[in-house]
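Below is one structure, written out as structure tokens, with a few remarks after it.
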Amino acid sequence: MRYLGEKVMQVLRQLRGPDTADAVFEATALIVGAVFFVLGFAIGWPVFWGQEMAISGTGSIGAFAAYGGAITAVLAFALGRLVVRPAVVAPDGTRDGFSVPGDRLRWYDLAAIAFAHAAIAYLGWLGIAELLDRSFTDAPVFAFPGAILVAVAFALTAYVTFLSAVALTPMVLSLVLAVFLVVGAFAAMLASSDVHWWQDNLSALGMSSNSASLAFNATLIIAGVLVTTIARYATAGLPVDDHVDRRGRRVVRGGLILIGIFLACVGIFPVDEFFLVHNTVATGMTVAFAVIVVGLPWFVRTIPRVFVVLGWIYVLVIVLLGVFFAVGYYNLTAVELIAAVLIFSWIIVFLRTAGSVHPAASAHPAGSVHAGQRPGPTPA
């Protein structure tokens, strides 16, 4: 078995071309996508043989592509992490190949990220199938073209997920988080058994009496784990020239982790079963965000002032929304939706801003490379 594995890797190395990081990963992703294309066709054609399949709905091409795409995403993500796994064990006992120095990915981090990719693939292909079904009303799909379509869905899912896994950075994680939250929230809204859920609040989607409760609560729990993961890596590169900076970085990191924990708790404790706990953690998430934003210029003294002002504007808008709700101008759903968009957009922008204040040039000699990082191409 080991000999066969070495032969397979030797063939892959020959197929993928020049031994540079970008070329290797891109070519390997194409190979992974081709493998899943073949698997999708080999599985789909016998299953669809002799049938006229619907585009969407139970037992349709879209459902087959969605379920298979979710499984493909998990497998491709695992392959991607194995490809970037360094051969040498790091001093902290890990070798996950993550590109942020000073921290590492835990098993639950990887599980949550893999699940997020699977959920995006599942919900994405279901949505595309529904759109195509409405565009081609009552159009049947025969076995051979149906198998080709499923194979293409598997190949695209594997290709994108593999590249996401090998290029995993805090920014990629933030984009995965944003897409996951959007597709999860819209899926819960579309699956809701109460068409007037918005008249109560956003948490009505997570009530046990609502058919969308599982999708909504699972989205919040996984998103909370992703936020805690992003919090650790987003702050790993912040400058810590003295104990004041070090303490400020700990405060910011702890606050972001607290936001992730509170977000997960919102999904763990539905509002109809744990009213007090649910409202407490939801309010705590907003308070933790406000504390970080208001105190950011003292916690991270090198942060650009324009970003500080942006955060203060976000907090003022959230306070203004609370006033509108108190006087009856806005309902609670509108306040929660806008506040959620502001908070998570701020987190995404913070990742880019935190990376820009990292003093890479001064902290590391020319030509040096962080442990666990891949060296970039040498300029001509």
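Each chain in the structure tokens gets a letter, A, B and so on, in the order shown; residues start at 1 in every chain, and ligands are counted from 1 in the order they appear.
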*Tell me, as a VMD selection string, which residues lie within 8 Å of stretch 49-54 of chain A, counting only C-alpha atoms; anything in the same chain fewer than 5 positions away does not count.*
chain A and resid 59 to 61 138 to 144 146
Please report as CSV every residue of stretch 191-230 of chain A lying within 7 Å of stretch 171-178 of chain A, along with the nearest atom pair and their distance in Å (one decimal), using only C-alpha atoms.
```
residue,atom,partner,partner_atom,distance
A:Ala223,CA,A:Leu177,CA,6.5
A:Leu226,CA,A:Leu177,CA,6.7
A:Ile230,CA,A:Leu173,CA,6.7
```
Write the selection just made, keeping C-alpha atoms, as a PDB file, in the first residue's frame?
```
ATOM      1  CA  ALA A 223     -20.185  30.706  12.704  1.00  0.00           C
ATOM      2  CA  LEU A 226     -15.246  30.366  12.972  1.00  0.00           C
ATOM      3  CA  ILE A 230     -10.481  34.141  13.138  1.00  0.00           C
TER       4      ILE A 230
END
```
Secondary structure check, helix (DSSP H, G or I) residues of stretch 14-194 of chain A, as a PDB file with C-alpha atoms, in the first residue's frame:
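Once everything was written out, this is selection37.pdb:
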```
ATOM      1  CA  GLN A  14       5.009  14.722 -12.884  1.00  0.00           C
ATOM      2  CA  LEU A  15       1.570  15.906 -13.967  1.00  0.00           C
ATOM      3  CA  ALA A  21       4.190  26.879  -4.943  1.00  0.00           C
ATOM      4  CA  ASP A  22       1.548  28.523  -7.137  1.00  0.00           C
ATOM      5  CA  ALA A  23       2.008  26.134 -10.051  1.00  0.00           C
ATOM      6  CA  VAL A  24       1.962  23.071  -7.803  1.00  0.00           C
ATOM      7  CA  PHE A  25      -1.190  24.031  -5.919  1.00  0.00           C
ATOM      8  CA  GLU A  26      -3.062  25.149  -9.038  1.00  0.00           C
ATOM      9  CA  ALA A  27      -2.170  22.023 -10.979  1.00  0.00           C
ATOM     10  CA  THR A  28      -2.945  19.788  -8.012  1.00  0.00           C
ATOM     11  CA  ALA A  29      -6.328  21.485  -7.633  1.00  0.00           C
ATOM     12  CA  LEU A  30      -7.048  20.758 -11.301  1.00  0.00           C
ATOM     13  CA  ILE A  31      -6.107  17.117 -10.774  1.00  0.00           C
ATOM     14  CA  VAL A  32      -8.365  16.885  -7.720  1.00  0.00           C
ATOM     15  CA  GLY A  33     -11.211  18.475  -9.674  1.00  0.00           C
ATOM     16  CA  ALA A  34     -10.684  16.021 -12.552  1.00  0.00           C
ATOM     17  CA  VAL A  35     -10.783  13.069 -10.152  1.00  0.00           C
ATOM     18  CA  PHE A  36     -14.077  14.215  -8.659  1.00  0.00           C
ATOM     19  CA  PHE A  37     -15.449  14.852 -12.168  1.00  0.00           C
ATOM     20  CA  VAL A  38     -14.811  11.211 -13.016  1.00  0.00           C
ATOM     21  CA  LEU A  39     -16.297  10.063  -9.717  1.00  0.00           C
ATOM     22  CA  GLY A  40     -19.390  12.225 -10.199  1.00  0.00           C
ATOM     23  CA  PHE A  41     -20.008  10.847 -13.661  1.00  0.00           C
ATOM     24  CA  ALA A  42     -19.308   7.258 -12.610  1.00  0.00           C
ATOM     25  CA  ILE A  43     -21.821   7.539  -9.756  1.00  0.00           C
ATOM     26  CA  GLY A  44     -24.427   9.684 -11.500  1.00  0.00           C
ATOM     27  CA  TRP A  45     -24.862   7.833 -14.781  1.00  0.00           C
ATOM     28  CA  PRO A  46     -25.868   4.443 -13.265  1.00  0.00           C
ATOM     29  CA  VAL A  47     -28.169   6.180 -10.793  1.00  0.00           C
ATOM     30  CA  PHE A  48     -29.876   8.269 -13.483  1.00  0.00           C
ATOM     31  CA  ILE A  61     -30.422  16.459 -10.228  1.00  0.00           C
ATOM     32  CA  GLY A  62     -30.095  19.484  -7.951  1.00  0.00           C
ATOM     33  CA  ALA A  63     -30.578  17.455  -4.765  1.00  0.00           C
ATOM     34  CA  PHE A  64     -28.030  14.875  -5.960  1.00  0.00           C
ATOM     35  CA  ALA A  65     -25.499  17.615  -6.756  1.00  0.00           C
ATOM     36  CA  ALA A  66     -26.141  19.325  -3.395  1.00  0.00           C
ATOM     37  CA  TYR A  67     -25.640  16.241  -1.237  1.00  0.00           C
ATOM     38  CA  GLY A  68     -22.705  15.029  -3.287  1.00  0.00           C
ATOM     39  CA  GLY A  69     -21.211  18.511  -3.358  1.00  0.00           C
ATOM     40  CA  ALA A  70     -21.263  18.697   0.432  1.00  0.00           C
ATOM     41  CA  ILE A  71     -19.409  15.375   0.700  1.00  0.00           C
ATOM     42  CA  THR A  72     -17.005  16.475  -2.029  1.00  0.00           C
ATOM     43  CA  ALA A  73     -16.261  19.713  -0.160  1.00  0.00           C
ATOM     44  CA  VAL A  74     -15.311  17.837   3.019  1.00  0.00           C
ATOM     45  CA  LEU A  75     -13.066  15.394   1.139  1.00  0.00           C
ATOM     46  CA  ALA A  76     -11.411  18.122  -0.947  1.00  0.00           C
ATOM     47  CA  PHE A  77     -10.811  20.239   2.145  1.00  0.00           C
ATOM     48  CA  ALA A  78      -9.159  17.291   3.906  1.00  0.00           C
ATOM     49  CA  LEU A  79      -6.968  16.673   0.841  1.00  0.00           C
ATOM     50  CA  GLY A  80      -5.986  20.324   0.744  1.00  0.00           C
ATOM     51  CA  ARG A  81      -4.914  20.354   4.374  1.00  0.00           C
ATOM     52  CA  LEU A  82      -2.879  17.173   3.863  1.00  0.00           C
ATOM     53  CA  VAL A  83      -1.092  18.709   0.867  1.00  0.00           C
ATOM     54  CA  TRP A 107      -9.106  19.991  15.166  1.00  0.00           C
ATOM     55  CA  TYR A 108     -12.346  21.784  15.969  1.00  0.00           C
ATOM     56  CA  ASP A 109     -11.219  24.752  13.865  1.00  0.00           C
ATOM     57  CA  LEU A 110     -10.680  22.479  10.875  1.00  0.00           C
ATOM     58  CA  ALA A 111     -13.972  20.663  11.500  1.00  0.00           C
ATOM     59  CA  ALA A 112     -15.914  23.934  11.582  1.00  0.00           C
ATOM     60  CA  ILE A 113     -14.193  25.269   8.453  1.00  0.00           C
ATOM     61  CA  ALA A 114     -14.817  21.996   6.590  1.00  0.00           C
ATOM     62  CA  PHE A 115     -18.478  22.045   7.655  1.00  0.00           C
ATOM     63  CA  ALA A 116     -18.810  25.648   6.466  1.00  0.00           C
ATOM     64  CA  HIS A 117     -17.457  24.684   3.032  1.00  0.00           C
ATOM     65  CA  ALA A 118     -19.850  21.735   2.896  1.00  0.00           C
ATOM     66  CA  ALA A 119     -22.819  23.919   3.853  1.00  0.00           C
ATOM     67  CA  ILE A 120     -21.905  26.520   1.231  1.00  0.00           C
ATOM     68  CA  ALA A 121     -21.674  23.806  -1.449  1.00  0.00           C
ATOM     69  CA  TYR A 122     -24.945  22.173  -0.379  1.00  0.00           C
ATOM     70  CA  LEU A 123     -26.981  25.375  -0.200  1.00  0.00           C
ATOM     71  CA  GLY A 124     -25.303  26.864  -3.257  1.00  0.00           C
ATOM     72  CA  TRP A 125     -26.132  23.958  -5.568  1.00  0.00           C
ATOM     73  CA  LEU A 126     -29.671  23.767  -4.214  1.00  0.00           C
ATOM     74  CA  GLY A 127     -30.130  27.467  -5.002  1.00  0.00           C
ATOM     75  CA  ILE A 128     -28.676  27.137  -8.503  1.00  0.00           C
ATOM     76  CA  ALA A 129     -30.917  24.141  -9.205  1.00  0.00           C
ATOM     77  CA  GLU A 130     -33.987  26.058  -8.035  1.00  0.00           C
ATOM     78  CA  LEU A 131     -33.066  29.000 -10.280  1.00  0.00           C
ATOM     79  CA  LEU A 132     -32.555  26.709 -13.290  1.00  0.00           C
ATOM     80  CA  ASP A 133     -35.820  24.912 -12.582  1.00  0.00           C
ATOM     81  CA  ARG A 134     -37.713  28.197 -12.678  1.00  0.00           C
ATOM     82  CA  SER A 135     -35.881  29.193 -15.866  1.00  0.00           C
ATOM     83  CA  ALA A 143     -29.294  10.340 -17.748  1.00  0.00           C
ATOM     84  CA  PHE A 144     -26.174  11.271 -19.708  1.00  0.00           C
ATOM     85  CA  PRO A 145     -26.421  15.102 -19.540  1.00  0.00           C
ATOM     86  CA  GLY A 146     -27.581  14.790 -15.928  1.00  0.00           C
ATOM     87  CA  ALA A 147     -24.473  12.802 -15.035  1.00  0.00           C
ATOM     88  CA  ILE A 148     -22.309  15.386 -16.807  1.00  0.00           C
ATOM     89  CA  LEU A 149     -23.945  18.235 -14.856  1.00  0.00           C
ATOM     90  CA  VAL A 150     -23.430  16.451 -11.547  1.00  0.00           C
ATOM     91  CA  ALA A 151     -19.810  15.685 -12.460  1.00  0.00           C
ATOM     92  CA  VAL A 152     -19.200  19.365 -13.239  1.00  0.00           C
ATOM     93  CA  ALA A 153     -20.744  20.350  -9.891  1.00  0.00           C
ATOM     94  CA  PHE A 154     -18.465  17.913  -8.055  1.00  0.00           C
ATOM     95  CA  ALA A 155     -15.395  19.095  -9.983  1.00  0.00           C
ATOM     96  CA  LEU A 156     -16.042  22.799  -9.347  1.00  0.00           C
ATOM     97  CA  THR A 157     -16.713  22.158  -5.660  1.00  0.00           C
ATOM     98  CA  ALA A 158     -13.531  20.117  -5.278  1.00  0.00           C
ATOM     99  CA  TYR A 159     -11.412  22.661  -7.181  1.00  0.00           C
ATOM    100  CA  VAL A 160     -12.576  25.700  -5.201  1.00  0.00           C
ATOM    101  CA  THR A 161     -12.550  23.952  -1.814  1.00  0.00           C
ATOM    102  CA  PHE A 162      -9.083  22.494  -2.387  1.00  0.00           C
ATOM    103  CA  LEU A 163      -7.619  25.894  -3.242  1.00  0.00           C
ATOM    104  CA  SER A 164      -9.362  27.422  -0.219  1.00  0.00           C
ATOM    105  CA  ALA A 165      -7.825  24.749   2.017  1.00  0.00           C
ATOM    106  CA  VAL A 166      -4.257  25.140   0.752  1.00  0.00           C
ATOM    107  CA  PRO A 170      -7.444  34.813   8.169  1.00  0.00           C
ATOM    108  CA  MET A 171      -8.772  36.721   5.161  1.00  0.00           C
ATOM    109  CA  VAL A 172      -9.928  33.515   3.467  1.00  0.00           C
ATOM    110  CA  LEU A 173     -11.542  32.463   6.736  1.00  0.00           C
ATOM    111  CA  SER A 174     -13.388  35.772   6.972  1.00  0.00           C
ATOM    112  CA  LEU A 175     -14.718  35.384   3.432  1.00  0.00           C
ATOM    113  CA  VAL A 176     -15.810  31.813   4.184  1.00  0.00           C
ATOM    114  CA  LEU A 177     -17.537  33.124   7.315  1.00  0.00           C
ATOM    115  CA  ALA A 178     -19.345  35.859   5.371  1.00  0.00           C
ATOM    116  CA  VAL A 179     -20.555  33.521   2.618  1.00  0.00           C
ATOM    117  CA  PHE A 180     -21.540  30.865   5.161  1.00  0.00           C
ATOM    118  CA  LEU A 181     -23.594  33.337   7.204  1.00  0.00           C
ATOM    119  CA  VAL A 182     -25.357  34.660   4.109  1.00  0.00           C
ATOM    120  CA  VAL A 183     -26.284  31.270   2.644  1.00  0.00           C
ATOM    121  CA  GLY A 184     -27.197  29.867   6.062  1.00  0.00           C
ATOM    122  CA  ALA A 185     -29.437  32.791   6.926  1.00  0.00           C
ATOM    123  CA  PHE A 186     -31.198  32.806   3.555  1.00  0.00           C
ATOM    124  CA  ALA A 187     -31.668  29.039   3.707  1.00  0.00           C
ATOM    125  CA  ALA A 188     -33.303  29.389   7.125  1.00  0.00           C
ATOM    126  CA  MET A 189     -35.545  32.199   5.867  1.00  0.00           C
ATOM    127  CA  LEU A 190     -36.667  30.193   2.828  1.00  0.00           C
ATOM    128  CA  ALA A 191     -37.269  27.039   4.895  1.00  0.00           C
TER     129      ALA A 191
END
```
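For the set A:Thr229, A:Val341, A:Trp346, A:His278, the residue with the smallest atom-to-atom gap to A:Val309 is A:Trp346, counting only C-alpha atoms.
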*Any idea what's packed within 10 Å of stretch 333-340 of chain A, counting only C-alpha atoms, ignoring anything in its chain fewer than 5 positions away? Could you give it as a PyMOL selection string?*
chain A and resi 197-204+282+286+314-315+317-325+345-346
Written selection (N, CA and C atoms) as a compact mmCIF listing (two decimals), in the first residue's frame:
```txt
# COMPACT_ATOMS: atom_id res chain seq x y z
N TRP A 197 -42.24 35.42 10.17
CA TRP A 197 -41.28 35.36 11.26
C TRP A 197 -40.64 36.73 11.52
N TRP A 198 -40.51 37.51 10.46
CA TRP A 198 -39.83 38.81 10.57
C TRP A 198 -40.59 39.80 11.44
N GLN A 199 -41.87 39.53 11.70
CA GLN A 199 -42.65 40.44 12.54
C GLN A 199 -42.25 40.32 14.01
N ASP A 200 -41.59 39.22 14.38
CA ASP A 200 -41.14 39.05 15.77
C ASP A 200 -39.70 39.53 15.92
N ASN A 201 -38.76 38.69 15.55
CA ASN A 201 -37.34 39.04 15.58
C ASN A 201 -36.57 38.00 14.80
N LEU A 202 -35.28 38.25 14.62
CA LEU A 202 -34.45 37.32 13.86
C LEU A 202 -34.35 35.96 14.54
N SER A 203 -34.40 35.94 15.87
CA SER A 203 -34.28 34.70 16.62
C SER A 203 -35.49 33.80 16.45
N ALA A 204 -36.59 34.32 15.87
CA ALA A 204 -37.76 33.49 15.62
C ALA A 204 -37.45 32.35 14.66
N ALA A 282 -27.00 37.43 23.48
CA ALA A 282 -27.14 38.31 22.31
C ALA A 282 -26.74 39.74 22.66
N THR A 286 -23.14 42.25 21.51
CA THR A 286 -23.12 43.65 21.09
C THR A 286 -22.25 44.50 22.01
N TYR A 314 -19.89 52.88 13.28
CA TYR A 314 -20.68 51.65 13.37
C TYR A 314 -21.41 51.56 14.70
N VAL A 315 -20.69 51.84 15.78
CA VAL A 315 -21.30 51.78 17.11
C VAL A 315 -22.42 52.80 17.23
N VAL A 317 -24.26 54.00 14.86
CA VAL A 317 -25.40 53.54 14.06
C VAL A 317 -26.20 52.48 14.83
N ILE A 318 -25.49 51.55 15.49
CA ILE A 318 -26.18 50.52 16.26
C ILE A 318 -26.97 51.15 17.41
N VAL A 319 -26.38 52.14 18.08
CA VAL A 319 -27.09 52.84 19.15
C VAL A 319 -28.33 53.53 18.59
N LEU A 320 -28.18 54.17 17.42
CA LEU A 320 -29.31 54.86 16.80
C LEU A 320 -30.42 53.86 16.44
N LEU A 321 -30.03 52.68 15.97
CA LEU A 321 -31.02 51.64 15.67
C LEU A 321 -31.78 51.23 16.93
N GLY A 322 -31.04 51.14 18.06
CA GLY A 322 -31.70 50.82 19.32
C GLY A 322 -32.72 51.88 19.71
N VAL A 323 -32.40 53.13 19.46
CA VAL A 323 -33.34 54.22 19.75
C VAL A 323 -34.58 54.11 18.86
N PHE A 324 -34.35 53.82 17.58
CA PHE A 324 -35.48 53.65 16.66
C PHE A 324 -36.39 52.51 17.10
N PHE A 325 -35.79 51.44 17.60
CA PHE A 325 -36.61 50.32 18.09
C PHE A 325 -37.38 50.72 19.34
N SER A 345 -19.09 42.86 9.07
CA SER A 345 -18.31 43.61 8.09
C SER A 345 -17.12 44.28 8.77
N TRP A 346 -17.31 44.75 10.02
CA TRP A 346 -16.19 45.35 10.75
C TRP A 346 -15.10 44.32 11.01
```
